[in-house]
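Source file data-v1.tsv; content: TSV, C-alpha atoms.
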chain	number	residue	atom	x	y	z
Q	1	MET	CA	-6.41	2.22	-4.27
Q	2	MET	CA	-6.55	-1.47	-3.43
Q	3	LEU	CA	-10.16	-1.64	-4.65
Q	4	ALA	CA	-9.17	0.09	-7.87
Q	5	ALA	CA	-6.33	-2.41	-8.35
Q	6	GLU	CA	-8.62	-5.38	-7.73
Q	7	LEU	CA	-11.23	-4.02	-10.16
Q	8	ALA	CA	-8.56	-3.43	-12.79
Q	9	LEU	CA	-7.40	-7.05	-12.40
Q	10	ALA	CA	-11.01	-8.08	-13.03
Q	11	GLU	CA	-10.89	-5.99	-16.25
Q	12	VAL	CA	-13.25	-3.33	-14.92
Q	13	ASP	CA	-12.53	0.23	-16.08
Q	14	VAL	CA	-11.49	2.33	-13.09
Q	15	VAL	CA	-11.18	6.08	-12.57
Q	16	ILE	CA	-9.92	7.49	-9.27
Q	17	VAL	CA	-11.14	10.97	-8.42
Q	18	GLU	CA	-9.89	12.86	-5.39
Q	19	ARG	CA	-10.90	16.41	-4.55
Q	20	ARG	CA	-7.99	18.61	-3.49
Q	21	PRO	CA	-7.74	22.35	-2.90
Q	22	ASP	CA	-4.55	22.42	-5.00
Q	23	HIS	CA	-2.49	20.12	-7.20
Q	24	VAL	CA	0.20	19.36	-4.61
Q	25	LEU	CA	0.67	15.64	-4.03
Q	26	VAL	CA	1.38	14.68	-0.43
Q	27	ALA	CA	2.46	11.18	0.59
Q	28	ARG	CA	0.36	10.19	3.59
Q	29	GLY	CA	1.38	6.57	4.01
Q	30	ARG	CA	4.92	5.79	5.03
Q	31	ARG	CA	4.52	2.25	6.32
Q	32	LEU	CA	3.00	-1.00	5.13
Q	33	HIS	CA	1.40	-3.24	7.71
Q	34	SER	CA	2.28	-6.94	7.58
Q	35	ARG	CA	-1.30	-7.77	6.50
Q	36	THR	CA	-0.91	-5.42	3.53
Q	37	ILE	CA	2.24	-7.28	2.53
Q	38	GLU	CA	0.26	-10.54	2.72
Q	39	VAL	CA	-2.36	-9.15	0.33
Q	40	PHE	CA	0.37	-7.89	-2.01
Q	41	ASP	CA	1.95	-11.35	-1.88
Q	42	GLN	CA	-1.35	-12.92	-2.96
Q	43	ARG	CA	-1.17	-10.69	-6.03
Q	44	GLY	CA	2.49	-11.46	-6.67
Q	45	ILE	CA	3.76	-7.92	-6.06
Q	46	ALA	CA	5.09	-8.04	-2.48
Q	47	ASP	CA	8.73	-8.37	-3.54
Q	48	ARG	CA	8.62	-4.97	-5.26
Q	49	PHE	CA	7.93	-3.33	-1.92
Q	50	LEU	CA	10.07	-5.53	0.30
Q	51	VAL	CA	13.29	-4.88	-1.64
Q	52	GLU	CA	12.81	-1.11	-1.28
Q	53	GLY	CA	11.89	-0.97	2.40
Q	54	GLN	CA	13.22	-1.82	5.83
Q	55	VAL	CA	11.69	-3.91	8.58
Q	56	LEU	CA	10.47	-1.71	11.43
Q	57	ARG	CA	9.55	-3.19	14.77
Q	58	SER	CA	7.51	-0.84	16.87
Q	59	ARG	CA	7.23	-0.94	20.64
Q	60	GLY	CA	4.20	-2.71	21.99
Q	61	SER	CA	3.59	-4.75	18.86
Q	62	ALA	CA	5.10	-8.04	17.83
Q	63	ARG	CA	3.87	-7.56	14.25
Q	64	PRO	CA	6.45	-6.09	11.88
Q	65	CYS	CA	5.80	-3.21	9.49
Q	66	TRP	CA	7.85	-2.16	6.48
Q	67	THR	CA	8.90	1.42	5.95
How does the structure come out when it is put into C-alpha cells?
Amino acid sequence: MMLAAELALAEVDVVIVERRPDHVLVARGRRLHSRTIEVFDQRGIADRFLVEGQVLRSRGSARPCWT
C-alpha cells in the first residue's frame, strides 16, 4: 500500500490486486510502528492517524506504537 501511495504521488497509475477466497475484508494491522509514523509525517499525513489513535508502550521496547 505504501508503494502504491508513493507511485500515485509520482503520478503513476496504480492498481492493487489481491487474491481472496471471498469478498470479506479483514483488518490485519492494528498498530502503527513509530517509523511508519515518521514516513507518514514526511508525506504530511501523520496527524490524521495520530488524532485517531492512542500511544501504546509495549513491554521490552522503548519505542512507542500507535493503536
Quick one: which region 22-61 of chain Q residues come within 12 Å of region 15-18 of chain Q, and what is the nearest atom pair for each with the distance in Å to one decimal, counting all atoms listed in the file, rows ordered by chain and ascending number, as JSON lines?
{"residue": "Q:Asp22", "atom": "CA", "partner": "Q:Glu18", "partner_atom": "CA", "distance": 11.0}
{"residue": "Q:His23", "atom": "CA", "partner": "Q:Glu18", "partner_atom": "CA", "distance": 10.5}
{"residue": "Q:Leu25", "atom": "CA", "partner": "Q:Glu18", "partner_atom": "CA", "distance": 11.0}
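Checking Q:Val26, Q:Met1, Q:Glu38, Q:Val51 one by one against Val14 (chain Q), counting all atoms listed in the file, you find the shortest gap at Q:Met1.
Reported to one decimal place, the separation of CA of Val55 (chain Q) from CA of Leu7 (chain Q) is 29.6 Å.
Of note, CA of Ala8 (chain Q) and CA of Arg35 (chain Q) are spaced 21.1 Å apart.
Within 12 Å of the file-frame point (-1.4, -5.3, -2.5), and using all atoms listed in the file, the polymer residues found are Met1, Met2, Leu3, Ala4, Ala5, Glu6, Leu9, Leu32, His33, Ser34, Arg35, Thr36, Ile37, Glu38, Val39, Phe40, Asp41, Gln42, Arg43, Gly44, Ile45, Ala46, Asp47, Arg48, Phe49 and Leu50 of chain Q.
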